[in-house]
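J.: Pasting in a structure now, in structure tokens, and then I'll have a few things to ask.
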Amino acid sequence: MGNRLAFAKLHRRNTWDNWVDLDEKWFYLWVNKGTLKLPPGYEQVKKCPQSRAHIPKVMFLSAIAKPDPARNFDGNIGIWRVCEPYAAKKTSKNYQKGQVYDKDVYMDAPKFRKMCTQKVFKAIREKMPWADKVTVQMDGASPHTGKDSVNVLNIAGRQCRHGGPIIEMLVQPSNSPDLNANDLGYFASMAARVNKCHVRDVDGIVKAVT
């Protein structure tokens, strides 16, 4: 509670103009709970996973900011699949032996740093070139803060700018998902979108989200 109060006092005059919320989430092919509301005349999309115990899922890393219509900026920095290229070891119904495809992986500190420096930072500087400094807020999960990731990313955010803004990482108060716009509504909206689409496999999830 004290951390939330201190955060509120520190940012009570913040306009959030040069602020980015960053977080990741698993999106599932099929969710066996909740209520889906459909307009009259629409039928529910039937999804038949091969196993109820192993529902296909894909993790995405999302970065969003405050929209700025004056600069024709919609606030969408980017959303990226958390994956690694993988060469199939044998022929299957989906891939030929040796064929390279994207394999979903769990987020850890090295992977988080790699995605931030290679994708997130680049996208921020491309879409917010007017800013002198951009604050990137994230939660305190171990992939975000482990192995001194915050300091490493802060150093990287001051380097290789090519005229773009300085990027500073900030850890939000603990137990405060409501302070991150991704958790506050964006992820729920995207999950509902996946649930309403004719998604039948992992590729369908990727297409629906991105």
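By order in the structure tokens, chains are A, B, ...; within a chain, residues start at 1; ligands start at 1, following the order shown.
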Just want the 9 Å neighbourhood of A:Thr117, counted on only C-alpha atoms, with same-chain residues fewer than 4 positions away dropped. Output as a ChimeraX atom specification.
T.: /A:112-113,121-122,153,156-157
J.: Residues near A:Lys66, anyone? I mean within 8 Å using only C-alpha atoms, not counting same-chain ones fewer than 5 positions away, as a short mmCIF file (atom, residue, chain, number, x, y, z; two decimals) with C-alpha atoms, in the first residue's frame.
T.:
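Done, and the output landed in result_35.cif:
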data_model
loop_
_atom_site.label_atom_id
_atom_site.label_comp_id
_atom_site.auth_asym_id
_atom_site.auth_seq_id
_atom_site.Cartn_x
_atom_site.Cartn_y
_atom_site.Cartn_z
CA TRP A 16 1.77 10.18 -19.45
CA ASP A 17 2.71 11.60 -22.85
CA ASN A 18 6.07 9.80 -23.06
CA TRP A 19 5.11 6.69 -21.12
CA VAL A 20 4.94 3.07 -22.32
CA ASP A 74 -2.61 5.54 -32.03
CA GLY A 75 -0.62 4.46 -28.96
#
J.: Work out how far apart atom CA of A:Leu22 and atom CA of A:Ile64 are and give it in Å to one decimal.
T.: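 So the answer is 6.9 Å.
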J.: Taking the chain letters and numbering used in this document, name the residues of stretch 68-149 of chain A that DSSP puts in alpha helix (DSSP H), as a PyMOL selection string.
T.: chain A and resi 109-115+121-127+142-145+149
J.: I need the chosen residues saved as a compact mmCIF listing (two decimals), in the first residue's frame, with all heavy atoms.
T.:
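Done, and the output landed in again-v1.txt:
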# COMPACT_ATOMS: atom_id res chain seq x y z
N ALA A 109 14.77 -13.94 -18.09
CA ALA A 109 15.49 -12.66 -18.11
C ALA A 109 16.28 -12.45 -19.40
O ALA A 109 16.19 -11.37 -20.01
CB ALA A 109 16.40 -12.57 -16.88
N PRO A 110 17.07 -13.43 -19.87
CA PRO A 110 17.80 -13.21 -21.13
C PRO A 110 16.88 -12.96 -22.32
O PRO A 110 17.16 -12.11 -23.17
CB PRO A 110 18.60 -14.50 -21.30
CG PRO A 110 18.76 -15.05 -19.92
CD PRO A 110 17.48 -14.70 -19.22
N LYS A 111 15.78 -13.71 -22.38
CA LYS A 111 14.85 -13.52 -23.49
C LYS A 111 14.18 -12.15 -23.41
O LYS A 111 14.00 -11.47 -24.44
CB LYS A 111 13.78 -14.62 -23.44
CG LYS A 111 12.72 -14.52 -24.55
CD LYS A 111 13.33 -14.71 -25.93
CE LYS A 111 12.27 -14.73 -27.01
NZ LYS A 111 12.87 -14.83 -28.37
N PHE A 112 13.84 -11.71 -22.21
CA PHE A 112 13.21 -10.40 -22.04
C PHE A 112 14.16 -9.28 -22.47
O PHE A 112 13.76 -8.35 -23.17
CB PHE A 112 12.80 -10.22 -20.59
CG PHE A 112 12.12 -8.90 -20.30
CD1 PHE A 112 10.84 -8.64 -20.78
CD2 PHE A 112 12.75 -7.92 -19.56
CE1 PHE A 112 10.21 -7.43 -20.53
CE2 PHE A 112 12.14 -6.71 -19.30
CZ PHE A 112 10.86 -6.47 -19.79
N ARG A 113 15.42 -9.38 -22.04
CA ARG A 113 16.40 -8.35 -22.44
C ARG A 113 16.59 -8.33 -23.95
O ARG A 113 16.69 -7.27 -24.56
CB ARG A 113 17.73 -8.60 -21.73
CG ARG A 113 17.68 -8.38 -20.23
CD ARG A 113 19.08 -8.19 -19.67
NE ARG A 113 19.91 -9.37 -19.89
CZ ARG A 113 20.04 -10.37 -19.00
NH1 ARG A 113 19.39 -10.32 -17.85
NH2 ARG A 113 20.82 -11.40 -19.27
N LYS A 114 16.62 -9.50 -24.55
CA LYS A 114 16.82 -9.59 -26.00
C LYS A 114 15.65 -8.95 -26.75
O LYS A 114 15.86 -8.19 -27.70
CB LYS A 114 16.97 -11.06 -26.40
CG LYS A 114 17.17 -11.29 -27.89
CD LYS A 114 17.31 -12.77 -28.19
CE LYS A 114 17.48 -13.02 -29.69
NZ LYS A 114 17.59 -14.48 -29.99
N MET A 115 14.43 -9.24 -26.32
CA MET A 115 13.26 -8.68 -27.00
C MET A 115 13.17 -7.17 -26.79
O MET A 115 12.76 -6.43 -27.70
CB MET A 115 11.99 -9.37 -26.52
CG MET A 115 11.88 -10.83 -26.92
SD MET A 115 10.25 -11.55 -26.62
CE MET A 115 9.27 -10.72 -27.89
N PHE A 121 12.65 -1.42 -27.91
CA PHE A 121 13.35 -0.14 -27.99
C PHE A 121 13.32 0.41 -29.40
O PHE A 121 13.11 1.62 -29.62
CB PHE A 121 14.80 -0.29 -27.53
CG PHE A 121 14.95 -0.49 -26.04
CD1 PHE A 121 13.85 -0.63 -25.22
CD2 PHE A 121 16.20 -0.54 -25.45
CE1 PHE A 121 13.97 -0.81 -23.85
CE2 PHE A 121 16.35 -0.71 -24.08
CZ PHE A 121 15.23 -0.84 -23.28
N LYS A 122 13.53 -0.45 -30.38
CA LYS A 122 13.52 -0.02 -31.78
C LYS A 122 12.16 0.54 -32.18
O LYS A 122 12.06 1.60 -32.83
CB LYS A 122 13.89 -1.20 -32.68
CG LYS A 122 13.92 -0.85 -34.16
CD LYS A 122 14.29 -2.07 -34.99
CE LYS A 122 14.30 -1.75 -36.49
NZ LYS A 122 14.64 -2.95 -37.30
N ALA A 123 11.09 -0.14 -31.76
CA ALA A 123 9.74 0.32 -32.10
C ALA A 123 9.41 1.64 -31.42
O ALA A 123 8.77 2.51 -32.01
CB ALA A 123 8.72 -0.75 -31.71
N ILE A 124 9.84 1.80 -30.17
CA ILE A 124 9.58 3.06 -29.45
C ILE A 124 10.25 4.22 -30.17
O ILE A 124 9.63 5.28 -30.37
CB ILE A 124 10.08 2.96 -28.00
CG1 ILE A 124 9.19 2.01 -27.19
CG2 ILE A 124 10.10 4.34 -27.34
CD1 ILE A 124 9.70 1.74 -25.79
N ARG A 125 11.48 4.04 -30.59
CA ARG A 125 12.20 5.13 -31.25
C ARG A 125 11.64 5.42 -32.64
O ARG A 125 11.73 6.55 -33.12
CB ARG A 125 13.68 4.80 -31.30
CG ARG A 125 14.34 4.95 -29.94
CD ARG A 125 15.73 4.38 -29.86
NE ARG A 125 16.32 4.67 -28.55
CZ ARG A 125 17.20 3.89 -27.93
NH1 ARG A 125 17.59 2.76 -28.51
NH2 ARG A 125 17.67 4.23 -26.76
N GLU A 126 11.07 4.42 -33.29
CA GLU A 126 10.45 4.65 -34.59
C GLU A 126 9.11 5.38 -34.46
O GLU A 126 8.78 6.23 -35.29
CB GLU A 126 10.24 3.31 -35.31
CG GLU A 126 11.53 2.68 -35.83
CD GLU A 126 11.28 1.35 -36.50
OE1 GLU A 126 10.12 0.84 -36.42
OE2 GLU A 126 12.22 0.80 -37.08
N LYS A 127 8.33 5.04 -33.42
CA LYS A 127 6.98 5.57 -33.32
C LYS A 127 6.86 6.79 -32.41
O LYS A 127 5.85 7.48 -32.45
CB LYS A 127 6.04 4.47 -32.82
CG LYS A 127 5.93 3.32 -33.81
CD LYS A 127 4.80 2.38 -33.48
CE LYS A 127 4.64 1.32 -34.56
NZ LYS A 127 3.46 0.44 -34.32
N SER A 142 10.06 -11.90 -12.20
CA SER A 142 11.48 -12.26 -12.26
C SER A 142 12.09 -12.14 -13.65
O SER A 142 13.27 -11.76 -13.76
CB SER A 142 11.67 -13.69 -11.71
OG SER A 142 10.87 -14.62 -12.40
N PRO A 143 11.37 -12.44 -14.75
CA PRO A 143 12.00 -12.21 -16.06
C PRO A 143 12.32 -10.74 -16.33
O PRO A 143 13.21 -10.43 -17.12
CB PRO A 143 10.94 -12.73 -17.04
CG PRO A 143 10.13 -13.70 -16.26
CD PRO A 143 10.09 -13.13 -14.88
N HIS A 144 11.59 -9.83 -15.67
CA HIS A 144 11.81 -8.40 -15.88
C HIS A 144 12.93 -7.85 -15.01
O HIS A 144 13.62 -6.91 -15.41
CB HIS A 144 10.53 -7.62 -15.58
CG HIS A 144 9.36 -8.03 -16.41
ND1 HIS A 144 8.08 -7.59 -16.17
CD2 HIS A 144 9.28 -8.84 -17.49
CE1 HIS A 144 7.26 -8.11 -17.06
NE2 HIS A 144 7.96 -8.88 -17.86
N THR A 145 13.09 -8.40 -13.83
CA THR A 145 14.03 -7.83 -12.87
C THR A 145 15.20 -8.75 -12.54
O THR A 145 16.16 -8.31 -11.92
CB THR A 145 13.30 -7.48 -11.57
OG1 THR A 145 12.69 -8.67 -11.03
CG2 THR A 145 12.22 -6.44 -11.82
N SER A 149 18.45 -7.17 -14.76
CA SER A 149 17.92 -6.78 -16.06
C SER A 149 17.59 -5.29 -16.14
O SER A 149 17.77 -4.66 -17.18
CB SER A 149 16.66 -7.59 -16.37
OG SER A 149 16.98 -8.94 -16.62
J.: Show me a table, sorted first by chain and then by increasing residue number, of the residues of stretch 55-101 of chain A having an atom at most 9 Å from stretch 27-32 of chain A, each with its shortest atom pair and the distance in Å to one decimal, counting only C-alpha atoms and written as a Markdown table.
T.:
| residue | atom | partner | partner_atom | distance |
| --- | --- | --- | --- | --- |
| A:Ile55 | CA | A:Leu29 | CA | 6.5 |
| A:Pro56 | CA | A:Leu29 | CA | 5.6 |
| A:Lys57 | CA | A:Tyr28 | CA | 4.3 |
| A:Val58 | CA | A:Phe27 | CA | 5.3 |
| A:Met59 | CA | A:Phe27 | CA | 6.1 |
| A:Phe60 | CA | A:Phe27 | CA | 7.6 |
J.: Let's have the selection written as a compact mmCIF listing (two decimals), in the first residue's frame, with C-alpha atoms.
T.:
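Just written: selection20.txt:
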# COMPACT_ATOMS: atom_id res chain seq x y z
CA ILE A 55 -4.87 -26.23 -24.84
CA PRO A 56 -2.62 -24.57 -27.48
CA LYS A 57 -1.38 -21.18 -26.32
CA VAL A 58 0.94 -18.40 -27.45
CA MET A 59 2.73 -15.78 -25.35
CA PHE A 60 2.97 -12.19 -26.58
J.: Which one is closest to A:Tyr186: A:Ser62, A:Thr91, A:Thr35, A:Asn14? Count only C-alpha atoms.
T.: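 Checking each of A:Ser62, A:Thr91, A:Thr35, A:Asn14 against A:Tyr186, counting only C-alpha atoms, the winner is A:Ser62.
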J.: Please identify which residues in chain A DSSP calls strand (DSSP E or B) from the backbone, and express them as a PyMOL selection string.
T.: chain A and resi 19-28+57-65+68+73+76-81+83-87+100-104+133-138+166-171
J.: What is the distance between atom CA of A:Ala191 and atom CA of A:Ser176, in Å to one decimal?
T.: 20.3 Å
J.: Tell me, as a ChimeraX atom specification, which residues lie within 12 Å of A:Ala8, counting only C-alpha atoms; anything in the same chain fewer than 4 positions away does not count.
T.: /A:1-4,12-14,172-173,176,179
J.: Suppose we keep N, CA and C atoms; can you now write the selection as a short mmCIF file (atom, residue, chain, number, x, y, z; two decimals), in the first residue's frame?
T.:
data_model
loop_
_atom_site.label_atom_id
_atom_site.label_comp_id
_atom_site.auth_asym_id
_atom_site.auth_seq_id
_atom_site.Cartn_x
_atom_site.Cartn_y
_atom_site.Cartn_z
N MET A 1 0.83 -1.20 0.00
CA MET A 1 0.00 0.00 0.00
C MET A 1 0.87 1.25 0.00
N GLY A 2 1.95 1.20 0.77
CA GLY A 2 2.85 2.35 0.84
C GLY A 2 3.49 2.65 -0.49
N ASN A 3 3.87 1.58 -1.23
CA ASN A 3 4.49 1.78 -2.54
C ASN A 3 3.51 2.39 -3.53
N ARG A 4 2.26 1.98 -3.47
CA ARG A 4 1.25 2.53 -4.37
C ARG A 4 1.01 4.01 -4.07
N ARG A 12 1.45 12.27 -9.69
CA ARG A 12 0.13 12.87 -9.70
C ARG A 12 -0.02 13.98 -10.75
N ARG A 13 1.08 14.56 -11.19
CA ARG A 13 1.03 15.59 -12.23
C ARG A 13 1.55 15.08 -13.58
N ASN A 14 1.73 13.79 -13.67
CA ASN A 14 2.25 13.19 -14.91
C ASN A 14 1.18 13.23 -16.00
N GLN A 172 6.86 -1.03 -11.69
CA GLN A 172 5.65 -0.53 -11.03
C GLN A 172 5.51 -1.14 -9.64
N PRO A 173 4.72 -0.54 -8.77
CA PRO A 173 4.52 -1.10 -7.42
C PRO A 173 3.97 -2.53 -7.49
N SER A 176 -0.02 -4.42 -8.36
CA SER A 176 -0.72 -3.25 -8.92
C SER A 176 -0.92 -3.39 -10.43
N LEU A 179 -2.19 -0.45 -12.62
CA LEU A 179 -1.33 0.66 -13.03
C LEU A 179 -0.72 0.43 -14.41
#
